[in-house]
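Next comes start_30.cif, with mmCIF, C-alpha atoms.
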```
data_model
loop_
_atom_site.label_atom_id
_atom_site.label_comp_id
_atom_site.auth_asym_id
_atom_site.auth_seq_id
_atom_site.Cartn_x
_atom_site.Cartn_y
_atom_site.Cartn_z
CA ALA Y 1 0.00 0.00 0.00
CA SER Y 2 1.24 3.48 -0.79
CA ALA Y 3 2.10 5.76 2.09
CA THR Y 4 -0.27 8.61 2.88
CA PRO Y 5 1.44 11.91 2.07
CA SER Y 6 2.20 14.12 5.05
CA PRO Y 7 0.03 17.22 5.35
CA ALA Y 8 1.64 20.51 4.38
CA VAL Y 9 3.30 22.44 7.18
CA TYR Y 10 2.17 26.08 7.41
CA GLU Y 11 4.26 28.50 9.48
CA VAL Y 12 3.89 32.22 10.13
CA HIS Y 13 6.74 34.34 11.45
CA GLU Y 14 7.86 37.96 11.45
CA ALA Y 15 10.94 38.96 9.44
CA PRO Y 16 13.48 41.51 10.75
CA ASP Y 17 12.00 44.19 8.46
CA GLY Y 18 8.57 43.79 10.07
CA GLN Y 19 7.06 41.76 7.24
CA THR Y 20 4.86 38.84 8.18
CA VAL Y 21 5.96 35.74 6.26
CA LEU Y 22 3.86 32.66 5.57
CA THR Y 23 5.82 29.55 4.56
CA VAL Y 24 4.43 26.25 3.31
CA ASP Y 25 6.78 23.30 3.77
CA GLY Y 26 9.61 25.76 4.27
CA GLU Y 27 9.03 27.77 1.08
CA VAL Y 28 7.88 31.40 1.23
CA TYR Y 29 4.23 31.55 0.22
CA THR Y 30 3.65 35.24 0.82
CA SER Y 31 5.06 38.14 2.78
CA TYR Y 32 3.53 41.48 3.69
CA ASP Y 33 3.36 44.09 6.40
CA THR Y 34 0.05 43.69 8.22
CA ARG Y 35 0.33 47.27 9.52
CA ASN Y 36 0.25 49.00 6.13
CA GLY Y 37 -0.46 46.26 3.59
CA ARG Y 38 2.87 46.54 1.76
CA VAL Y 39 3.49 43.20 0.03
CA GLY Y 40 6.94 41.72 -0.45
CA HIS Y 41 6.72 40.28 -3.97
CA GLU Y 42 7.03 42.68 -6.90
CA TYR Y 43 4.27 41.00 -8.92
CA ALA Y 44 1.88 41.33 -5.97
CA ARG Y 45 2.71 45.02 -5.56
CA ALA Y 46 1.98 45.56 -9.26
CA ALA Y 47 -1.38 43.78 -9.00
CA VAL Y 48 -2.28 45.78 -5.89
CA ARG Y 49 -1.47 49.07 -7.68
CA ILE Y 50 -3.68 48.17 -10.63
CA ALA Y 51 -6.60 47.02 -8.48
CA SER Y 52 -6.53 49.88 -5.99
CA GLY Y 53 -6.08 52.45 -8.76
CA TRP Y 54 -9.18 51.39 -10.69
CA GLU Y 55 -11.81 54.10 -10.48
CA ARG Y 56 -15.12 54.98 -12.03
CA ARG Y 57 -16.93 58.27 -11.63
CA THR Y 58 -20.66 58.66 -11.83
CA ALA Y 59 -22.92 61.68 -11.54
CA GLY Y 60 -22.86 61.14 -7.77
CA GLY Y 61 -19.06 60.95 -7.56
CA ALA Y 62 -16.64 58.04 -7.43
CA THR Y 63 -18.11 54.63 -6.70
CA GLN Y 64 -16.66 51.75 -4.71
CA THR Y 65 -14.33 49.40 -6.56
CA ARG Y 66 -15.50 45.79 -6.36
CA VAL Y 67 -12.50 43.46 -6.35
CA LEU Y 68 -12.49 39.65 -6.62
CA VAL Y 69 -9.25 37.91 -5.60
CA LEU Y 70 -9.02 34.25 -6.63
CA GLY Y 71 -6.36 32.54 -4.53
CA LEU Y 72 -5.67 34.00 -1.11
CA GLY Y 73 -2.02 33.13 -0.53
CA GLY Y 74 -1.99 34.37 3.05
CA GLY Y 75 -3.93 37.55 2.32
CA GLY Y 76 -1.11 39.79 1.09
CA MET Y 77 -2.95 41.20 -1.93
CA VAL Y 78 -6.17 41.59 0.04
CA SER Y 79 -4.34 43.54 2.75
CA GLY Y 80 -2.50 45.69 0.20
CA ILE Y 81 -5.64 46.59 -1.77
CA HIS Y 82 -7.59 47.25 1.42
CA HIS Y 83 -4.97 49.61 2.86
CA ARG Y 84 -4.41 51.52 -0.40
CA CYS Y 85 -8.14 51.95 -0.96
CA GLN Y 86 -8.63 53.14 2.61
CA ALA Y 87 -5.83 55.69 2.16
CA ARG Y 88 -7.28 56.87 -1.16
CA SER Y 89 -10.73 57.25 0.38
CA ARG Y 90 -9.42 59.29 3.31
CA SER Y 91 -7.11 61.57 1.35
CA ARG Y 92 -9.52 62.32 -1.50
CA HIS Y 93 -12.82 62.02 0.40
CA ARG Y 94 -13.98 59.40 -2.06
CA ARG Y 95 -15.78 56.93 0.13
CA GLY Y 96 -18.80 55.10 -1.20
CA HIS Y 97 -22.24 56.49 -0.48
CA ASP Y 98 -22.63 54.16 2.51
CA GLY Y 99 -19.42 55.39 4.14
CA GLN Y 100 -17.40 52.23 3.47
CA SER Y 101 -13.89 51.92 2.12
CA GLY Y 102 -13.22 52.80 -1.52
CA CYS Y 103 -12.95 49.05 -2.25
CA VAL Y 104 -15.13 46.06 -1.46
CA ILE Y 105 -13.05 42.88 -1.67
CA THR Y 106 -14.12 39.26 -2.02
CA ALA Y 107 -11.31 36.71 -1.59
CA VAL Y 108 -11.90 33.11 -2.69
CA GLU Y 109 -9.67 30.26 -1.46
CA ILE Y 110 -10.25 26.50 -1.38
CA ASP Y 111 -7.69 25.71 1.34
CA ARG Y 112 -9.37 26.11 4.73
CA ARG Y 113 -6.03 26.46 6.54
CA VAL Y 114 -4.97 29.34 4.28
CA VAL Y 115 -8.33 31.07 4.80
CA ARG Y 116 -7.98 30.71 8.55
CA ILE Y 117 -4.42 32.05 8.58
CA ALA Y 118 -5.29 34.99 6.33
CA ARG Y 119 -8.24 36.00 8.50
CA GLY Y 120 -5.99 35.87 11.53
CA LEU Y 121 -3.27 37.97 9.93
CA PHE Y 122 -5.78 40.52 8.66
CA LEU Y 123 -7.28 40.85 12.13
CA GLY Y 124 -3.85 40.98 13.72
CA LYS Y 125 -4.65 37.92 15.82
CA LYS Y 126 -3.40 34.38 16.11
CA GLU Y 127 -5.71 31.45 15.39
CA ASP Y 128 -6.23 30.75 19.08
CA ASP Y 129 -7.30 34.36 19.73
CA GLY Y 130 -10.82 33.64 18.56
CA VAL Y 131 -10.59 33.67 14.76
CA THR Y 132 -12.86 30.92 13.50
CA PRO Y 133 -13.84 29.60 10.04
CA ASP Y 134 -17.28 31.14 10.58
CA ASP Y 135 -15.87 34.69 10.52
CA LYS Y 136 -17.00 35.23 6.95
CA ASN Y 137 -16.70 39.01 7.14
CA ILE Y 138 -13.87 40.33 9.29
CA ASP Y 139 -14.19 43.86 8.00
CA GLU Y 140 -17.21 45.59 6.49
CA SER Y 141 -15.38 45.85 3.16
CA VAL Y 142 -13.62 42.43 3.07
CA ALA Y 143 -15.22 38.98 2.76
CA PHE Y 144 -13.45 35.60 2.65
CA VAL Y 145 -15.08 32.71 0.81
CA GLU Y 146 -13.94 29.11 1.20
CA GLN Y 147 -14.67 27.62 -2.23
CA ASP Y 148 -13.10 26.43 -5.46
CA ALA Y 149 -12.30 29.47 -7.64
CA VAL Y 150 -13.73 28.08 -10.88
CA GLU Y 151 -16.90 26.98 -9.13
CA TYR Y 152 -17.32 30.40 -7.51
CA VAL Y 153 -16.93 32.27 -10.80
CA ARG Y 154 -19.36 30.01 -12.63
CA THR Y 155 -22.04 29.43 -9.99
CA VAL Y 156 -21.91 32.31 -7.50
CA ALA Y 157 -20.48 35.46 -9.09
CA ARG Y 158 -23.11 37.47 -10.95
CA PRO Y 159 -22.60 38.99 -14.41
CA GLY Y 160 -21.06 42.45 -14.13
CA ALA Y 161 -20.50 42.05 -10.39
CA PHE Y 162 -16.83 43.07 -10.27
CA ASN Y 163 -14.56 45.84 -11.52
CA VAL Y 164 -11.31 43.95 -10.96
CA VAL Y 165 -10.62 40.20 -10.88
CA ILE Y 166 -7.18 38.90 -9.86
CA ASP Y 167 -6.36 35.27 -10.67
CA ASP Y 168 -3.51 34.17 -8.38
CA VAL Y 169 -4.33 30.47 -8.13
CA PHE Y 170 -1.66 27.76 -8.24
CA ASP Y 171 -1.57 24.05 -7.46
CA SER Y 172 0.81 22.36 -5.02
CA ALA Y 173 3.49 22.22 -7.74
CA GLY Y 174 3.26 25.95 -8.42
CA ARG Y 175 1.37 25.55 -11.71
CA ARG Y 176 -1.85 27.19 -12.80
CA PRO Y 177 -4.79 24.71 -12.68
CA GLU Y 178 -5.81 23.45 -16.12
CA PRO Y 179 -9.48 24.60 -15.88
CA MET Y 180 -8.31 28.18 -15.29
CA LYS Y 181 -6.03 28.06 -18.34
CA ALA Y 182 -8.93 27.26 -20.68
CA ARG Y 183 -10.32 29.99 -22.91
CA ASP Y 184 -13.89 29.46 -21.72
CA PHE Y 185 -12.83 30.38 -18.18
CA TYR Y 186 -11.43 33.70 -19.44
CA ASP Y 187 -14.79 34.27 -21.10
CA ASP Y 188 -16.60 33.41 -17.86
CA VAL Y 189 -14.51 35.98 -15.97
CA ARG Y 190 -15.13 38.64 -18.61
CA ARG Y 191 -18.88 38.25 -18.15
CA ARG Y 192 -18.46 38.84 -14.41
CA LEU Y 193 -16.73 42.18 -15.08
CA GLY Y 194 -18.55 45.47 -15.46
CA ALA Y 195 -17.71 47.89 -18.28
CA GLY Y 196 -14.09 48.98 -18.04
CA GLY Y 197 -13.35 46.08 -15.69
CA VAL Y 198 -9.89 44.53 -15.50
CA TYR Y 199 -8.84 40.86 -15.37
CA ILE Y 200 -5.33 40.23 -14.00
CA VAL Y 201 -3.84 36.76 -14.44
CA VAL Y 202 -0.65 35.87 -12.57
CA VAL Y 203 1.56 33.55 -14.64
CA PRO Y 204 4.89 32.04 -13.49
CA ALA Y 205 7.21 32.68 -16.43
CA PRO Y 206 10.51 34.43 -17.26
CA ALA Y 207 10.27 38.17 -17.84
CA PHE Y 208 12.43 37.73 -20.96
CA GLY Y 209 13.36 34.84 -23.24
CA PRO Y 210 12.38 31.17 -23.16
CA GLY Y 211 12.36 29.07 -20.00
CA ARG Y 212 9.99 27.18 -17.76
CA GLY Y 213 6.56 28.74 -17.94
CA TRP Y 214 6.88 30.63 -21.21
CA ARG Y 215 4.24 28.42 -22.85
CA ASP Y 216 1.77 29.23 -20.07
CA LEU Y 217 2.47 32.92 -20.56
CA ALA Y 218 1.90 32.63 -24.33
CA ASN Y 219 -1.31 30.67 -23.69
CA SER Y 220 -2.61 33.29 -21.27
CA VAL Y 221 -1.84 36.15 -23.65
CA SER Y 222 -3.54 34.28 -26.50
CA ASN Y 223 -6.68 33.58 -24.47
CA MET Y 224 -6.83 37.09 -23.10
CA ARG Y 225 -6.54 38.61 -26.59
CA ALA Y 226 -9.20 36.28 -27.97
CA VAL Y 227 -11.65 37.24 -25.22
CA PHE Y 228 -10.83 40.92 -24.57
CA GLY Y 229 -9.38 42.00 -27.93
CA LYS Y 230 -5.69 42.33 -28.78
CA GLU Y 231 -5.63 46.09 -28.24
CA ASN Y 232 -7.03 45.69 -24.71
CA VAL Y 233 -4.36 43.31 -23.39
CA ARG Y 234 -0.94 44.03 -21.93
CA VAL Y 235 1.75 42.11 -20.09
CA VAL Y 236 3.19 43.68 -16.94
CA LYS Y 237 6.66 42.22 -16.42
CA THR Y 238 8.02 41.95 -12.91
CA GLY Y 239 11.44 40.97 -11.58
CA PRO Y 240 13.96 40.13 -10.51
CA TYR Y 241 14.83 40.13 -14.20
CA VAL Y 242 16.95 36.99 -14.45
CA PRO Y 243 17.05 35.46 -17.97
CA LEU Y 244 15.24 32.11 -18.23
CA PHE Y 245 14.29 32.22 -14.54
CA PRO Y 246 10.50 32.07 -13.96
CA GLN Y 247 9.04 34.90 -11.95
CA ARG Y 248 5.36 35.83 -11.85
CA GLN Y 249 4.23 38.03 -14.72
CA LEU Y 250 0.85 39.74 -15.03
CA VAL Y 251 -1.38 39.41 -18.08
CA VAL Y 252 -3.96 42.19 -17.93
CA GLY Y 253 -7.13 42.42 -20.00
CA THR Y 254 -9.58 45.34 -19.93
CA LYS Y 255 -13.25 44.92 -20.79
CA VAL Y 256 -14.07 47.68 -23.25
CA VAL Y 257 -17.62 48.29 -24.44
CA ASP Y 258 -17.94 48.21 -28.22
CA GLN Y 259 -18.44 51.85 -29.18
CA ARG Y 260 -20.22 50.87 -32.39
CA LEU Y 261 -22.82 48.99 -30.35
CA LEU Y 262 -23.31 52.01 -28.09
CA ASP Y 263 -23.67 54.31 -31.11
CA SER Y 264 -26.24 52.05 -32.77
CA LYS Y 265 -28.23 51.61 -29.57
CA TYR Y 266 -28.09 55.10 -28.12
CA GLY Y 267 -26.89 57.29 -30.99
#
```

Starting from the coordinates I provided, produce the structure as structure tokens.
Amino acid sequence: ASATPSPAVYEVHEAPDGQTVLTVDGEVYTSYDTRNGRVGHEYARAAVRIASGWERRTAGGATQTRVLVLGLGGGGMVSGIHHRCQARSRSRHRRGHDGQSGCVITAVEIDRRVVRIARGLFLGKKEDDGVTPDDKNIDESVAFVEQDAVEYVRTVARPGAFNVVIDDVFDSAGRRPEPMKARDFYDDVRRRLGAGGVYIVVVPAPAFGPGRGWRDLANSVSNMRAVFGKENVRVVKTGPYVPLFPQRQLVVGTKVVDQRLLDSKYG
């Protein structure tokens, strides 16, 4: 009989620079400063800037940005977006009409242990300080959902429900799950975005040249262009810029309303 694999070992500790670090089986999973939301990885900082900078103005002023984060990873991106949106709201007086933060964030993660750790870090508590899996909303503007990402997008998320979707999901080997690499999933996400919405896919691949992951990057760019239009897709390269060495690059697609359709319908 084959031996049962040992469960992953999750550890949280504080680095000398004040960053909280989550490791899984000894490898750094995420790192960020719980006091201000600054994340350690360059790709995560880039995704946070894009998400927290998204803004739409209406006749009543700026509206809240609705962000969906697929893959929690310890909560670094959630913390970063939350803190930056809070700061933007305070400095520019751009809170939503109900007085909440400038962003409403939904984070979806299938691993219960990761959800539990992230809630604890976000609250600034340890697990034994009273953070339980039933704490679905730990802040009025942040909700954690324990569910498969593909299932959530296809069965729970409503069409047009989000302004920004970040796909940061990886399997135990550090690869993107096959269902999330399929073109129909990109199309499903696009339908969940409102006009002007942004889909950010994190892909482990070299910033330049061939190497492990370059095919996944090419696949993501191809799918994004097919669904969002070539002119509405860009690749945000992040370092360290070591040739052939896979880092995490961002493929970004923006949902643009067809102007010809608007002209024919409202012109």

Between atom CA of Gly73 of chain Y and atom CA of Leu217 of chain Y - distance in Å to one decimal: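 Separating atom CA of Leu217 of chain Y from atom CA of Gly73 of chain Y is a distance of 20.5 Å.
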
I want to know what sits within 10 Å of segment 200-204 of chain Y, based on only C-alpha atoms, with residues of the same chain fewer than 2 positions away left out; could you give that as a PDB file with C-alpha atoms, in the frame of the given file?
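Wrote it out as out17.pdb, contents follow:
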```pdb
ATOM      1  CA  TYR Y  43       4.270  41.000  -8.920  1.00  0.00           C
ATOM      2  CA  ALA Y  44       1.880  41.330  -5.970  1.00  0.00           C
ATOM      3  CA  ALA Y  47      -1.380  43.780  -9.000  1.00  0.00           C
ATOM      4  CA  ILE Y  50      -3.680  48.170 -10.630  1.00  0.00           C
ATOM      5  CA  ALA Y  51      -6.600  47.020  -8.480  1.00  0.00           C
ATOM      6  CA  VAL Y  69      -9.250  37.910  -5.600  1.00  0.00           C
ATOM      7  CA  LEU Y  70      -9.020  34.250  -6.630  1.00  0.00           C
ATOM      8  CA  VAL Y 164     -11.310  43.950 -10.960  1.00  0.00           C
ATOM      9  CA  VAL Y 165     -10.620  40.200 -10.880  1.00  0.00           C
ATOM     10  CA  ILE Y 166      -7.180  38.900  -9.860  1.00  0.00           C
ATOM     11  CA  ASP Y 167      -6.360  35.270 -10.670  1.00  0.00           C
ATOM     12  CA  ASP Y 168      -3.510  34.170  -8.380  1.00  0.00           C
ATOM     13  CA  VAL Y 169      -4.330  30.470  -8.130  1.00  0.00           C
ATOM     14  CA  PHE Y 170      -1.660  27.760  -8.240  1.00  0.00           C
ATOM     15  CA  GLY Y 174       3.260  25.950  -8.420  1.00  0.00           C
ATOM     16  CA  ARG Y 175       1.370  25.550 -11.710  1.00  0.00           C
ATOM     17  CA  ARG Y 176      -1.850  27.190 -12.800  1.00  0.00           C
ATOM     18  CA  MET Y 180      -8.310  28.180 -15.290  1.00  0.00           C
ATOM     19  CA  LYS Y 181      -6.030  28.060 -18.340  1.00  0.00           C
ATOM     20  CA  TYR Y 186     -11.430  33.700 -19.440  1.00  0.00           C
ATOM     21  CA  VAL Y 198      -9.890  44.530 -15.500  1.00  0.00           C
ATOM     22  CA  PRO Y 206      10.510  34.430 -17.260  1.00  0.00           C
ATOM     23  CA  ALA Y 207      10.270  38.170 -17.840  1.00  0.00           C
ATOM     24  CA  ARG Y 212       9.990  27.180 -17.760  1.00  0.00           C
ATOM     25  CA  GLY Y 213       6.560  28.740 -17.940  1.00  0.00           C
ATOM     26  CA  TRP Y 214       6.880  30.630 -21.210  1.00  0.00           C
ATOM     27  CA  ASP Y 216       1.770  29.230 -20.070  1.00  0.00           C
ATOM     28  CA  LEU Y 217       2.470  32.920 -20.560  1.00  0.00           C
ATOM     29  CA  ALA Y 218       1.900  32.630 -24.330  1.00  0.00           C
ATOM     30  CA  ASN Y 219      -1.310  30.670 -23.690  1.00  0.00           C
ATOM     31  CA  SER Y 220      -2.610  33.290 -21.270  1.00  0.00           C
ATOM     32  CA  VAL Y 221      -1.840  36.150 -23.650  1.00  0.00           C
ATOM     33  CA  MET Y 224      -6.830  37.090 -23.100  1.00  0.00           C
ATOM     34  CA  VAL Y 233      -4.360  43.310 -23.390  1.00  0.00           C
ATOM     35  CA  ARG Y 234      -0.940  44.030 -21.930  1.00  0.00           C
ATOM     36  CA  VAL Y 235       1.750  42.110 -20.090  1.00  0.00           C
ATOM     37  CA  VAL Y 236       3.190  43.680 -16.940  1.00  0.00           C
ATOM     38  CA  PHE Y 245      14.290  32.220 -14.540  1.00  0.00           C
ATOM     39  CA  PRO Y 246      10.500  32.070 -13.960  1.00  0.00           C
ATOM     40  CA  GLN Y 247       9.040  34.900 -11.950  1.00  0.00           C
ATOM     41  CA  ARG Y 248       5.360  35.830 -11.850  1.00  0.00           C
ATOM     42  CA  GLN Y 249       4.230  38.030 -14.720  1.00  0.00           C
ATOM     43  CA  LEU Y 250       0.850  39.740 -15.030  1.00  0.00           C
ATOM     44  CA  VAL Y 251      -1.380  39.410 -18.080  1.00  0.00           C
ATOM     45  CA  VAL Y 252      -3.960  42.190 -17.930  1.00  0.00           C
ATOM     46  CA  GLY Y 253      -7.130  42.420 -20.000  1.00  0.00           C
ATOM     47  CA  THR Y 254      -9.580  45.340 -19.930  1.00  0.00           C
TER      48      THR Y 254
END
```

Quote the spacing between atom CA of Pro177 of chain Y and atom CA of Tyr29 of chain Y in Å to one decimal place. 17.2 Å

Measuring between only C-alpha atoms, which one of Y:Val39, Y:Val21, Y:Ala143, Y:Ala182 shows the shortest distance to Glu109 of chain Y? Y:Ala143

Atom CA of Val227 of chain Y to atom CA of Arg190 of chain Y, distance in Å rounded to a single decimal: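 Answer for the atom CA of Val227 of chain Y to atom CA of Arg190 of chain Y separation: 7.6 Å.
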
12 Å contact set for Val9 of chain Y, only C-alpha atoms, chain neighbours under 2 positions out, as a VMD selection string: chain Y and resid 5 to 7 11 to 12 22 to 29 113 to 114

What would the selection look like, as a VMD selection string, if the PyMOL selection byres ((chain Y and resi 78) around 10) were run on the coordinates I just shared? chain Y and resid 37 39 48 67 to 69 72 to 77 79 to 83 105 to 107 118 122 142 to 144

Show which residues sit within 8 Å of segment 146-156 of chain Y, as a list of chain:residue names. Count all atoms listed in the file, and ignore same-chain residues fewer than 5 positions away.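 Using all atoms listed in the file, the neighbours found are Y:Leu70, Y:Gly71, Y:Val108, Y:Glu109, Y:Ile110, Y:Asp111, Y:Arg112, Y:Val115, Y:Pro179, Y:Met180, Y:Phe185, Y:Asp188, Y:Val189, Y:Arg192.
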
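Between Gln86 of chain Y and the candidates Y:Thr34, Y:Thr63, Y:Ser141, Y:Ser172, the tightest atom-to-atom separation, counting only C-alpha atoms, involves Y:Ser141.
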
For each of Y:Arg119, Y:Gln64, Y:Arg158, Y:Arg84, take the minimum atom-to-atom distance to Arg45 of chain Y, counting only C-alpha atoms, then give the residue where this is smallest.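 Under the stated criterion, the closest residue is Y:Arg84.
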
Please evaluate the PyMOL selection byres ((chain Y and resi 20) around 6) against the displayed coordinates and give the resulting residues as a ChimeraX atom specification. /Y:13-14,19,21,31-33

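Closest approach to Arg66 of chain Y from the set Y:Gly239, Y:Pro159, Y:Gly194, Y:Pro16 is made by Y:Gly194, with distances taken over only C-alpha atoms.
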